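**Student:** This is the content of input_38.cif (mmCIF, C-alpha atoms):
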data_my_file
loop_
_atom_site.label_atom_id
_atom_site.label_comp_id
_atom_site.auth_asym_id
_atom_site.auth_seq_id
_atom_site.Cartn_x
_atom_site.Cartn_y
_atom_site.Cartn_z
CA MET A 1 89.54 182.34 -0.43
CA GLU A 2 85.84 182.31 0.05
CA GLY A 3 85.97 178.51 0.71
CA CYS A 4 88.43 178.99 3.59
CA TRP A 5 86.24 181.57 5.29
CA ARG A 6 83.24 179.28 4.89
CA GLY A 7 85.18 176.41 6.68
CA ILE A 8 86.17 178.66 9.55
CA LEU A 9 82.60 179.86 9.95
CA ALA A 10 81.30 176.27 9.97
CA THR A 11 83.80 175.28 12.62
CA LEU A 12 82.83 178.20 14.81
CA VAL A 13 79.17 177.34 14.41
CA VAL A 14 79.78 173.72 15.45
CA LEU A 15 81.81 174.77 18.49
CA ALA A 16 79.19 177.26 19.51
CA GLY A 17 76.53 174.58 19.13
CA LEU A 18 78.53 172.16 21.25
CA ALA A 19 79.08 174.81 23.90
CA ALA A 20 75.40 175.72 23.91
CA SER A 21 74.28 172.13 24.06
CA GLY A 22 76.85 171.18 26.73
CA SER A 23 75.88 174.00 29.02
CA SER A 24 72.30 172.80 29.14
CA TYR A 25 73.18 169.41 30.76
CA GLN A 26 73.84 168.87 34.45
CA ILE A 27 75.01 166.33 37.02
CA ILE A 28 72.07 164.74 38.77
CA GLU A 29 74.02 162.79 41.45
CA GLY A 30 77.72 162.88 42.21
CA PRO A 31 80.01 160.16 43.65
CA LYS A 32 80.04 159.10 47.30
CA ASN A 33 82.88 158.60 49.79
CA VAL A 34 84.63 155.26 49.67
CA THR A 35 87.03 153.56 52.12
CA VAL A 36 89.15 150.69 50.88
CA GLN A 37 92.31 148.92 51.85
CA VAL A 38 95.52 149.01 49.92
CA GLY A 39 95.31 146.61 46.92
CA TRP A 40 91.53 146.67 46.74
CA GLU A 41 89.29 148.27 44.03
CA ALA A 42 87.48 151.57 44.49
CA ARG A 43 84.33 152.42 42.47
CA PHE A 44 82.70 155.85 42.04
CA ASN A 45 79.44 156.61 40.15
CA CYS A 46 78.34 159.89 38.55
CA THR A 47 74.78 160.32 37.13
CA VAL A 48 74.18 162.97 34.39
CA SER A 49 71.23 163.93 32.22
CA GLN A 50 70.96 162.89 28.54
CA GLY A 51 72.67 164.93 25.82
CA TRP A 52 76.05 165.23 27.55
CA ARG A 53 79.18 165.40 25.37
CA LEU A 54 82.17 164.85 27.75
CA ILE A 55 82.56 163.54 31.35
CA MET A 56 85.88 164.06 33.15
CA TRP A 57 87.13 162.26 36.28
CA ALA A 58 89.88 163.89 38.40
CA LEU A 59 91.91 162.59 41.38
CA ASN A 60 93.39 165.30 43.59
CA SER A 61 92.76 167.90 40.83
CA THR A 62 94.41 165.73 38.14
CA VAL A 63 92.23 164.35 35.31
CA VAL A 64 92.81 160.59 35.22
CA LEU A 65 89.84 159.50 33.00
CA SER A 66 87.62 161.06 30.28
CA VAL A 67 84.41 159.57 28.90
CA THR A 68 82.70 160.45 25.57
CA PRO A 69 79.39 159.10 24.23
CA LYS A 70 81.33 156.74 22.03
CA GLU A 71 84.19 155.47 24.22
CA PRO A 72 86.30 156.35 27.28
CA ILE A 73 89.70 157.97 26.95
CA ILE A 74 92.07 155.92 29.22
CA THR A 75 95.44 157.38 30.16
CA ASN A 76 96.31 154.97 33.03
CA ASP A 77 95.46 151.27 33.13
CA ARG A 78 94.57 151.47 36.85
CA PHE A 79 91.67 153.84 36.04
CA THR A 80 88.90 152.33 33.90
CA SER A 81 85.24 153.18 33.18
CA GLU A 82 81.90 151.47 32.83
CA SER A 83 78.57 152.99 31.66
CA TYR A 84 74.91 152.39 32.54
CA GLU A 85 71.55 153.93 31.75
CA GLU A 86 68.81 154.14 34.35
CA GLY A 87 65.48 155.92 33.85
CA GLY A 88 66.73 157.93 30.89
CA ASP A 89 69.82 159.13 32.81
CA PHE A 90 73.40 158.17 32.07
CA ILE A 91 75.63 156.68 34.81
CA SER A 92 79.40 156.80 34.45
CA GLU A 93 81.43 154.58 36.82
CA MET A 94 85.17 155.02 37.40
CA ILE A 95 87.08 152.01 38.76
CA ILE A 96 90.47 152.36 40.47
CA HIS A 97 92.34 149.08 40.45
CA ASP A 98 95.01 148.11 42.98
CA VAL A 99 94.45 151.13 45.17
CA GLN A 100 97.61 152.60 46.67
CA LEU A 101 98.06 154.71 49.77
CA SER A 102 98.93 157.66 47.51
CA ASP A 103 95.48 157.42 45.85
CA ALA A 104 93.79 158.75 48.98
CA GLY A 105 92.21 162.14 48.36
CA HIS A 106 89.42 164.01 46.54
CA ILE A 107 87.55 162.51 43.56
CA LYS A 108 85.68 164.86 41.15
CA CYS A 109 83.19 164.25 38.34
CA SER A 110 82.52 167.17 35.95
CA LEU A 111 80.95 167.96 32.55
CA GLN A 112 82.58 169.91 29.76
CA ASN A 113 81.52 173.56 29.64
CA SER A 114 79.73 173.26 33.02
CA ASP A 115 80.57 174.83 36.34
CA ARG A 116 78.77 172.11 38.32
CA GLU A 117 80.65 169.06 39.62
CA GLY A 118 80.26 166.15 42.01
CA SER A 119 82.97 165.25 44.55
CA ALA A 120 83.79 162.50 47.05
CA PHE A 121 86.71 161.38 49.19
CA LEU A 122 88.77 158.22 48.86
CA SER A 123 90.13 156.83 52.14
CA VAL A 124 92.84 154.23 51.88
CA GLN A 125 93.60 151.96 54.82
CA VAL A 126 96.76 150.02 55.40
CA VAL A 127 96.38 146.81 57.40
CA GLY A 128 99.70 146.17 59.08
CA LYS A 129 100.99 143.30 61.15
CA LEU A 130 99.64 142.17 64.49
CA SER A 131 101.88 140.11 66.76
CA ILE A 132 102.53 138.91 70.31
CA PRO A 133 106.24 138.36 71.08
CA ASN A 134 105.76 134.76 72.31
CA ASN A 135 103.38 132.21 70.80
CA SER A 136 103.22 130.32 74.11
CA LEU A 137 103.46 131.87 77.55
CA VAL A 138 104.18 130.13 80.86
CA VAL A 139 103.22 132.05 83.99
CA THR A 140 102.76 131.41 87.72
CA GLU A 141 99.30 130.88 89.15
CA ASP A 142 97.75 133.82 91.02
CA GLU A 143 100.67 136.10 90.20
CA PRO A 144 100.15 139.23 88.02
CA CYS A 145 101.72 139.13 84.55
CA ASN A 146 101.78 141.31 81.43
CA VAL A 147 101.13 140.30 77.81
CA THR A 148 102.05 142.73 75.00
CA CYS A 149 100.49 143.00 71.52
CA HIS A 150 102.17 145.04 68.75
CA ALA A 151 100.37 146.56 65.74
CA VAL A 152 102.95 147.72 63.17
CA GLY A 153 102.37 149.55 59.85
CA TRP A 154 98.68 150.41 60.23
CA THR A 155 96.94 153.42 58.63
CA PRO A 156 95.00 154.64 60.44
CA LEU A 157 95.88 153.10 63.80
CA PRO A 158 93.46 150.31 64.76
CA ALA A 159 91.50 149.91 67.98
CA LEU A 160 93.20 147.13 69.95
CA SER A 161 91.30 144.90 72.36
CA TRP A 162 91.69 141.52 74.09
CA GLU A 163 89.64 138.33 74.28
CA ILE A 164 90.53 136.43 77.46
CA GLY A 165 90.00 132.68 77.38
CA VAL A 166 91.53 131.85 80.77
CA PRO A 167 90.11 132.06 84.32
CA VAL A 168 91.48 135.18 86.00
CA SER A 169 90.94 137.05 89.26
CA HIS A 170 91.77 140.41 87.69
CA SER A 171 92.46 141.77 84.20
CA SER A 172 92.92 145.17 82.51
CA TYR A 173 94.61 146.59 79.41
CA TYR A 174 95.58 149.85 77.75
CA SER A 175 96.70 150.83 74.22
CA VAL A 176 99.02 153.67 73.16
CA PRO A 177 100.70 154.67 69.89
CA GLU A 178 104.40 154.10 69.47
CA PRO A 179 106.20 157.41 70.02
CA ASP A 180 108.66 156.90 67.15
CA ASP A 181 106.25 155.39 64.59
CA LEU A 182 102.93 157.02 63.70
CA GLN A 183 101.72 153.83 62.02
CA SER A 184 102.32 151.54 65.02
CA ALA A 185 100.63 150.97 68.38
CA VAL A 186 101.06 148.68 71.39
CA SER A 187 98.53 147.18 73.80
CA VAL A 188 99.50 145.79 77.22
CA LEU A 189 97.26 143.28 79.02
CA THR A 190 97.69 142.84 82.80
CA LEU A 191 96.04 139.80 84.37
CA THR A 192 96.24 137.41 87.31
CA PRO A 193 95.67 133.93 85.83
CA GLN A 194 94.23 130.97 87.68
CA GLY A 195 94.21 128.37 84.90
CA ASN A 196 95.31 127.49 81.37
CA GLY A 197 93.72 128.95 78.23
CA THR A 198 94.23 131.34 75.32
CA LEU A 199 94.61 135.09 74.90
CA THR A 200 93.59 136.84 71.66
CA CYS A 201 94.61 140.33 70.56
CA VAL A 202 92.06 141.90 68.17
CA ALA A 203 92.62 144.90 65.86
CA ALA A 204 89.46 146.62 64.55
CA MET A 205 89.27 149.49 62.06
CA GLN A 206 86.47 151.36 60.30
CA GLY A 207 85.76 149.75 56.96
CA LEU A 208 87.58 146.58 57.94
CA GLN A 209 85.00 143.86 57.48
CA VAL A 210 86.90 141.15 59.37
CA PRO A 211 89.05 142.36 62.31
CA GLU A 212 92.62 141.12 62.42
CA SER A 213 93.59 138.98 65.41
CA VAL A 214 96.43 136.95 66.88
CA THR A 215 96.16 134.24 69.57
CA VAL A 216 98.65 132.99 72.12
CA ASN A 217 98.48 129.98 74.46
CA LEU A 218 98.82 130.62 78.19
CA THR A 219 100.07 127.87 80.52
CA VAL A 220 99.74 128.34 84.28
CA ARG A 221 102.02 126.50 86.68
CA PRO A 222 101.42 126.18 90.46
CA SER A 223 103.07 128.68 92.73
CA PRO A 224 106.39 127.32 94.11
CA LEU A 225 105.98 129.25 97.35
CA GLY A 226 102.82 127.37 98.28
CA ASP A 227 101.21 130.49 99.67
CA THR A 228 97.72 129.60 98.50
CA ASP A 229 95.07 128.62 100.98
CA GLU A 230 92.87 125.51 100.93
CA SER A 231 90.30 127.13 98.65
CA GLY A 232 92.95 127.79 96.00
CA THR A 233 93.13 131.55 96.50
CA SER A 234 95.82 133.56 98.27
CA LEU A 235 95.41 136.51 100.59
CA PRO A 236 96.40 139.85 99.10
CA THR A 237 99.32 141.77 100.55
CA TRP A 238 97.16 144.39 102.23
CA ALA A 239 95.20 141.68 104.06
CA ILE A 240 98.41 140.07 105.35
CA VAL A 241 99.69 143.45 106.60
CA LEU A 242 96.34 144.17 108.28
CA LEU A 243 96.37 140.81 110.06
CA ALA A 244 99.93 141.36 111.28
CA VAL A 245 99.10 144.80 112.67
CA SER A 246 95.92 143.46 114.33
CA PHE A 247 97.79 140.63 116.05
CA SER A 248 100.46 143.07 117.27
CA LEU A 249 97.86 145.43 118.74
CA LEU A 250 96.04 142.50 120.37
CA LEU A 251 99.28 141.27 121.99
CA ILE A 252 100.04 144.76 123.33
CA LEU A 253 96.49 145.04 124.73
CA ILE A 254 96.81 141.68 126.50
CA ILE A 255 100.13 142.74 128.07
CA VAL A 256 98.63 146.04 129.27
CA LEU A 257 95.63 144.22 130.80
CA ILE A 258 97.95 141.78 132.60
CA ILE A 259 99.99 144.67 134.03
CA ILE A 260 96.84 146.47 135.20
CA PHE A 261 95.52 143.28 136.83
CA CYS A 262 98.82 142.70 138.68
CA CYS A 263 98.88 146.30 139.90
CA CYS A 264 95.31 145.99 141.20
CA CYS A 265 96.13 142.75 143.01
CA VAL A 266 99.24 144.24 144.66
CA SER A 267 97.35 147.38 145.69
CA ARG A 268 94.52 145.33 147.21
CA ARG A 269 96.99 143.14 149.11
CA GLU A 270 98.84 146.18 150.48
CA LYS A 271 95.53 147.70 151.57
CA LYS A 272 94.55 144.54 153.40
CA GLU A 273 97.91 144.37 155.16
CA SER A 274 97.64 148.04 156.14
CA ASP A 275 94.14 147.50 157.56
CA TYR A 276 95.36 144.46 159.47
CA GLN A 277 98.30 146.34 160.96
CA SER A 278 96.00 149.24 161.90
CA GLU A 279 93.69 146.82 163.73
CA ILE A 280 96.66 145.33 165.54
CA ARG A 281 97.91 148.76 166.61
CA LYS A 282 94.41 149.79 167.67
CA SER A 283 93.98 146.64 169.77
CA ALA A 284 97.39 147.21 171.34
CA ASN A 285 96.50 150.82 172.18
CA VAL A 286 93.19 149.78 173.73
CA LYS A 287 94.90 147.12 175.84
CA THR A 288 97.57 149.59 176.97
CA ASN A 289 94.96 152.17 177.93
CA LYS A 290 93.04 149.54 179.90
CA GLU A 291 96.12 148.44 181.77
CA THR A 292 97.00 152.07 182.52
CA PHE A 293 93.53 152.71 183.88
CA GLU A 294 93.66 149.64 186.14
CA THR A 295 97.10 150.65 187.37
CA LYS A 296 95.86 154.11 188.27
CA LEU A 297 92.84 152.59 189.98
CA LYS A 298 95.02 150.34 192.12
CA SER A 299 97.34 153.15 193.12
CA GLY A 300 94.63 155.26 194.91
CA SER A 301 95.58 156.77 198.37
CA GLU A 302 93.80 158.36 201.26
CA ASN A 303 93.28 162.06 201.21
CA CYS A 304 93.68 163.00 204.82
CA GLY A 305 93.17 166.67 204.19
CA TYR A 306 89.64 166.35 202.99
CA SER A 307 86.84 167.51 205.22
CA SER A 308 83.16 167.86 204.67
CA GLU A 309 82.04 171.35 203.83
CA GLU A 310 78.51 170.82 205.32
CA PRO A 311 78.33 170.93 209.14
CA LYS A 312 75.96 168.57 210.79
CA THR A 313 73.32 169.60 213.32
CA THR A 314 73.05 168.38 216.93
CA SER A 315 70.10 166.17 216.17
CA GLU A 316 71.99 164.49 213.41
CA TRP A 317 74.90 163.80 215.72
CA THR A 318 72.49 162.43 218.40
CA GLU A 319 70.85 160.05 215.93
CA ALA A 320 74.18 158.92 214.71
CA ALA A 321 75.34 158.23 218.31
CA SER A 322 72.27 156.12 219.11
CA LEU A 323 72.82 153.89 216.11
CA PRO A 324 75.24 151.00 216.26
CA PRO A 325 78.52 151.45 214.59
CA LYS A 326 78.18 151.29 210.80
CA PRO A 327 80.91 150.81 208.34
CA TYR A 328 81.47 153.51 205.72
CA GLU A 329 82.65 152.53 202.33
CA SER A 330 84.29 154.59 199.76
CA SER A 331 82.60 155.10 196.47
CA VAL A 332 84.25 152.73 194.04
CA PRO A 333 83.12 151.47 190.61
CA GLU A 334 80.10 149.16 190.88
CA GLU A 335 81.70 146.48 188.87
CA ARG A 336 84.62 146.37 191.26
CA SER A 337 82.58 146.05 194.56
CA SER A 338 79.61 143.97 193.43
CA GLY A 339 79.51 140.33 194.44
CA HIS A 340 81.77 140.72 197.54
CA PRO A 341 80.30 140.79 201.18
CA HIS A 342 81.23 143.47 203.71
CA GLN A 343 83.68 142.60 206.48
CA GLY A 344 82.62 142.41 210.15
CA PRO A 345 83.04 145.25 212.58
CA ASP A 346 85.96 143.69 214.44
CA HIS A 347 88.02 142.65 211.42
CA HIS A 348 89.69 144.75 208.69
CA ARG A 349 90.33 142.98 205.37
CA PRO A 350 93.14 144.44 203.38
CA ALA A 351 92.36 145.63 199.86
CA SER A 352 92.90 143.05 197.14
CA SER A 353 95.36 143.89 194.37
CA SER A 354 92.75 143.20 191.74
CA ARG A 355 89.83 144.94 193.49
CA PRO A 356 90.81 148.10 195.43
CA HIS A 357 88.41 148.72 198.35
CA VAL A 358 88.91 151.06 201.33
CA THR A 359 86.69 150.86 204.45
CA PHE A 360 86.89 152.79 207.70
CA TYR A 361 84.88 152.21 210.83
CA MET A 362 84.11 155.08 213.06
CA ALA A 363 83.98 154.53 216.85
CA SER A 364 82.43 157.83 217.49
CA PRO A 365 79.78 159.60 215.42
CA LYS A 366 81.67 162.83 215.78
CA LYS A 367 84.59 161.62 213.77
CA VAL A 368 84.04 161.47 210.05
CA ARG A 369 86.67 160.40 207.63
CA ASN A 370 86.25 160.74 203.89
CA VAL A 371 88.49 158.90 201.46
CA THR A 372 89.19 159.96 197.90
CA LEU A 373 90.82 157.52 195.54
CA VAL A 374 93.17 159.11 193.05
#
Could you render the structure as structure tokens?
**Tutor:**
Amino acid sequence: MEGCWRGILATLVVLAGLAASGSSYQIIEGPKNVTVQVGWEARFNCTVSQGWRLIMWALNSTVVLSVTPKEPIITNDRFTSESYEEGGDFISEMIIHDVQLSDAGHIKCSLQNSDREGSAFLSVQVVGKLSIPNNSLVVTEDEPCNVTCHAVGWTPLPALSWEIGVPVSHSSYYSVPEPDDLQSAVSVLTLTPQGNGTLTCVAAMQGLQVPESVTVNLTVRPSPLGDTDESGTSLPTWAIVLLAVSFSLLLILIIVLIIIFCCCCVSRREKKESDYQSEIRKSANVKTNKETFETKLKSGSENCGYSSEEPKTTSEWTEAASLPPKPYESSVPEERSSGHPHQGPDHHRPASSSRPHVTFYMASPKKVRNVTLV
């Protein structure tokens, strides 16, 4: 009976010693985050001080590996351990072989009877397929075309880009995830080729040392419409429309200028004709007035009822009687009477039709006759 009690006491003492000794050790440096692809190996290191008794490795809160000072305790062949010593510290390394997508998660390193632990995160990438529907493309020169690249089964989704090995006048691309597949994406390249070459679709991802890529050959054939100019480039649509509108406006402007010029010419001609007709009418009116005046001048008659309002004195009558008879002329326009001599006292010349002239000779100084031409 006493022997049994002694055994129990010894066991308790050993356990207490192990607990006391284990609680005095600590983790100096825990594991670090790792990113690997499916099928690769993942390695995590945990550094502890000397005197440790048990190291436990857990994946997503499940212990997958235990390490004692003598040997590791392996429960799954994909999880193995290696040990190192550096500067008096012990380093335990856990190796995960043939990493699967389900292995992604939290990794923990802990000591028995210790509340301290080291943790890290395992990221698992899945490199899917990268493809372009056609291995060889034939397109028309200087005409826009689209090239599509598909990335299927990637985790996480890669960053898709393009390497253009053909001469182009314009190029652009965009990438979007597939709406029905969270592990797939598509990238569309839009370009206007001007020669033959290659196009490469590149998929890059963090932790992927060598980006995945796929290449396609691009063959450019001449345009069948022959709408290229001599320099080998064609005018864009907006330029053609602008030229057409400009030519139309120019034609309309020319027509308007021609109409304005014709109207000005007609107006000037009508003005000249009007001035000419006015001159003709004016000349005719002047000639008519002249003829009327001459007619009135020719048709003058004697005014027998006219008498002088000033009586003459006796001396004036005596002087007039002593003088020889003198012809008296009527006052007529100077231009009508100039240049023609007076008639003699015994002869009376009738008045000419073109030069009216009236003359009266008085036999006696007492008789005075005045003539008024009307």
**Student:** Might you spell out which residues the PyMOL selection byres ((chain A and resi 150-164) around 10) would select in the displayed file, as a tab-separated table (two decimals) with C-alpha atoms, in the frame of the given file?
**Tutor:**
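File produced: result26.tsv:
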chain	number	residue	atom	x	y	z
A	37	GLN	CA	92.31	148.92	51.85
A	38	VAL	CA	95.52	149.01	49.92
A	101	LEU	CA	98.06	154.71	49.77
A	123	SER	CA	90.13	156.83	52.14
A	124	VAL	CA	92.84	154.23	51.88
A	125	GLN	CA	93.60	151.96	54.82
A	126	VAL	CA	96.76	150.02	55.40
A	127	VAL	CA	96.38	146.81	57.40
A	128	GLY	CA	99.70	146.17	59.08
A	129	LYS	CA	100.99	143.30	61.15
A	130	LEU	CA	99.64	142.17	64.49
A	131	SER	CA	101.88	140.11	66.76
A	132	ILE	CA	102.53	138.91	70.31
A	133	PRO	CA	106.24	138.36	71.08
A	148	THR	CA	102.05	142.73	75.00
A	149	CYS	CA	100.49	143.00	71.52
A	165	GLY	CA	90.00	132.68	77.38
A	166	VAL	CA	91.53	131.85	80.77
A	167	PRO	CA	90.11	132.06	84.32
A	168	VAL	CA	91.48	135.18	86.00
A	171	SER	CA	92.46	141.77	84.20
A	172	SER	CA	92.92	145.17	82.51
A	173	TYR	CA	94.61	146.59	79.41
A	174	TYR	CA	95.58	149.85	77.75
A	175	SER	CA	96.70	150.83	74.22
A	176	VAL	CA	99.02	153.67	73.16
A	177	PRO	CA	100.70	154.67	69.89
A	178	GLU	CA	104.40	154.10	69.47
A	181	ASP	CA	106.25	155.39	64.59
A	182	LEU	CA	102.93	157.02	63.70
A	183	GLN	CA	101.72	153.83	62.02
A	184	SER	CA	102.32	151.54	65.02
A	185	ALA	CA	100.63	150.97	68.38
A	186	VAL	CA	101.06	148.68	71.39
A	187	SER	CA	98.53	147.18	73.80
A	188	VAL	CA	99.50	145.79	77.22
A	189	LEU	CA	97.26	143.28	79.02
A	191	LEU	CA	96.04	139.80	84.37
A	197	GLY	CA	93.72	128.95	78.23
A	198	THR	CA	94.23	131.34	75.32
A	199	LEU	CA	94.61	135.09	74.90
A	200	THR	CA	93.59	136.84	71.66
A	201	CYS	CA	94.61	140.33	70.56
A	202	VAL	CA	92.06	141.90	68.17
A	203	ALA	CA	92.62	144.90	65.86
A	204	ALA	CA	89.46	146.62	64.55
A	205	MET	CA	89.27	149.49	62.06
A	206	GLN	CA	86.47	151.36	60.30
A	208	LEU	CA	87.58	146.58	57.94
A	211	PRO	CA	89.05	142.36	62.31
A	212	GLU	CA	92.62	141.12	62.42
A	213	SER	CA	93.59	138.98	65.41
A	214	VAL	CA	96.43	136.95	66.88
A	215	THR	CA	96.16	134.24	69.57
**Student:** For this file, the PyMOL selection byres ((chain A and resi 70) around 12) selects which residues, as a ChimeraX atom specification?
**Tutor:** /A:52-55,66-69,71-73,83
**Student:** Keeping only C-alpha atoms, write the selected residues as an mmCIF file, in the coordinates of the input.
**Tutor:**
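Listing of out16.cif after writing:
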data_model
loop_
_atom_site.group_PDB
_atom_site.id
_atom_site.type_symbol
_atom_site.label_atom_id
_atom_site.label_comp_id
_atom_site.auth_asym_id
_atom_site.auth_seq_id
_atom_site.Cartn_x
_atom_site.Cartn_y
_atom_site.Cartn_z
ATOM 1 C CA TRP A 52 76.050 165.230 27.550
ATOM 2 C CA ARG A 53 79.180 165.400 25.370
ATOM 3 C CA LEU A 54 82.170 164.850 27.750
ATOM 4 C CA ILE A 55 82.560 163.540 31.350
ATOM 5 C CA SER A 66 87.620 161.060 30.280
ATOM 6 C CA VAL A 67 84.410 159.570 28.900
ATOM 7 C CA THR A 68 82.700 160.450 25.570
ATOM 8 C CA PRO A 69 79.390 159.100 24.230
ATOM 9 C CA GLU A 71 84.190 155.470 24.220
ATOM 10 C CA PRO A 72 86.300 156.350 27.280
ATOM 11 C CA ILE A 73 89.700 157.970 26.950
ATOM 12 C CA SER A 83 78.570 152.990 31.660
#
**Student:** How far is it from CA of Gly30 (chain A) to CA of Asn45 (chain A), in Å with one decimal?
**Tutor:** 6.8 Å
**Student:** Between A:Ser61, A:Arg116, A:Ile95, A:Cys109, single out the one closest to Asn76 (chain A), counting only C-alpha atoms.
**Tutor:**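 Answer, going by the shortest atom-to-atom distance: A:Ile95.
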**Student:** Could you tell me how far CA of Lys108 (chain A) lies from CA of Glu29 (chain A), in Å and to one decimal?
**Tutor:**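 Going from CA of Lys108 (chain A) over to CA of Glu29 (chain A) covers 11.8 Å.
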**Student:** Name the closest residue to Leu122 (chain A) among the candidates A:Ser248, A:Ser102, A:Asn146, A:Thr62; distances are taken between atoms, counting all atoms listed in the file.
**Tutor:**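 When distances to Leu122 (chain A) are compared using all atoms listed in the file, the smallest one comes from A:Ser102.
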**Student:** Between A:Gln112, A:Ser119, A:Asn285, A:Ser223, which one has atoms that come closest to Pro144 (chain A), using only C-alpha atoms?
**Tutor:**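 The closest residue to Pro144 (chain A) is A:Ser223.
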**Student:** Step by step, work through what the PyMOL selection byres ((chain A and resi 26) around 12) selects in the shown file, and finish by giving those residues as an mmCIF file with C-alpha atoms, in the frame of the given file.
**Tutor:**
data_model
loop_
_atom_site.group_PDB
_atom_site.id
_atom_site.type_symbol
_atom_site.label_atom_id
_atom_site.label_comp_id
_atom_site.auth_asym_id
_atom_site.auth_seq_id
_atom_site.Cartn_x
_atom_site.Cartn_y
_atom_site.Cartn_z
ATOM 1 C CA SER A 21 74.280 172.130 24.060
ATOM 2 C CA GLY A 22 76.850 171.180 26.730
ATOM 3 C CA SER A 23 75.880 174.000 29.020
ATOM 4 C CA SER A 24 72.300 172.800 29.140
ATOM 5 C CA TYR A 25 73.180 169.410 30.760
ATOM 6 C CA ILE A 27 75.010 166.330 37.020
ATOM 7 C CA ILE A 28 72.070 164.740 38.770
ATOM 8 C CA GLU A 29 74.020 162.790 41.450
ATOM 9 C CA GLY A 30 77.720 162.880 42.210
ATOM 10 C CA CYS A 46 78.340 159.890 38.550
ATOM 11 C CA THR A 47 74.780 160.320 37.130
ATOM 12 C CA VAL A 48 74.180 162.970 34.390
ATOM 13 C CA SER A 49 71.230 163.930 32.220
ATOM 14 C CA GLN A 50 70.960 162.890 28.540
ATOM 15 C CA GLY A 51 72.670 164.930 25.820
ATOM 16 C CA TRP A 52 76.050 165.230 27.550
ATOM 17 C CA ARG A 53 79.180 165.400 25.370
ATOM 18 C CA LEU A 54 82.170 164.850 27.750
ATOM 19 C CA ILE A 55 82.560 163.540 31.350
ATOM 20 C CA ASP A 89 69.820 159.130 32.810
ATOM 21 C CA PHE A 90 73.400 158.170 32.070
ATOM 22 C CA CYS A 109 83.190 164.250 38.340
ATOM 23 C CA SER A 110 82.520 167.170 35.950
ATOM 24 C CA LEU A 111 80.950 167.960 32.550
ATOM 25 C CA GLN A 112 82.580 169.910 29.760
ATOM 26 C CA ASN A 113 81.520 173.560 29.640
ATOM 27 C CA SER A 114 79.730 173.260 33.020
ATOM 28 C CA ASP A 115 80.570 174.830 36.340
ATOM 29 C CA ARG A 116 78.770 172.110 38.320
ATOM 30 C CA GLU A 117 80.650 169.060 39.620
ATOM 31 C CA GLY A 118 80.260 166.150 42.010
#
**Student:** Out of A:Ser169, A:Thr75, A:Asn134, A:Ser92, which residue has the shortest atom-to-atom distance to Pro193 (chain A) when counting all atoms listed in the file?
**Tutor:**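 The shortest atom-to-atom distance to Pro193 (chain A) comes from A:Ser169.
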**Student:** Which distance in Å separates CA of Leu242 (chain A) and CA of Leu257 (chain A), to one decimal?
**Tutor:**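 Here the two named atoms are 22.5 Å from each other.
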**Student:** From the list A:Phe247, A:Ser278, A:Ile96, A:Pro222, which residue is nearest Glu82 (chain A) when using all atoms listed in the file?
**Tutor:** A:Ile96
**Student:** Rank A:Arg281, A:Arg78, A:His170, A:Lys32 by their smallest atom-to-atom distance to Ile107 (chain A), using only C-alpha atoms, and report the top residue only.
**Tutor:**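 When distances to Ile107 (chain A) are compared using only C-alpha atoms, the smallest one comes from A:Lys32.
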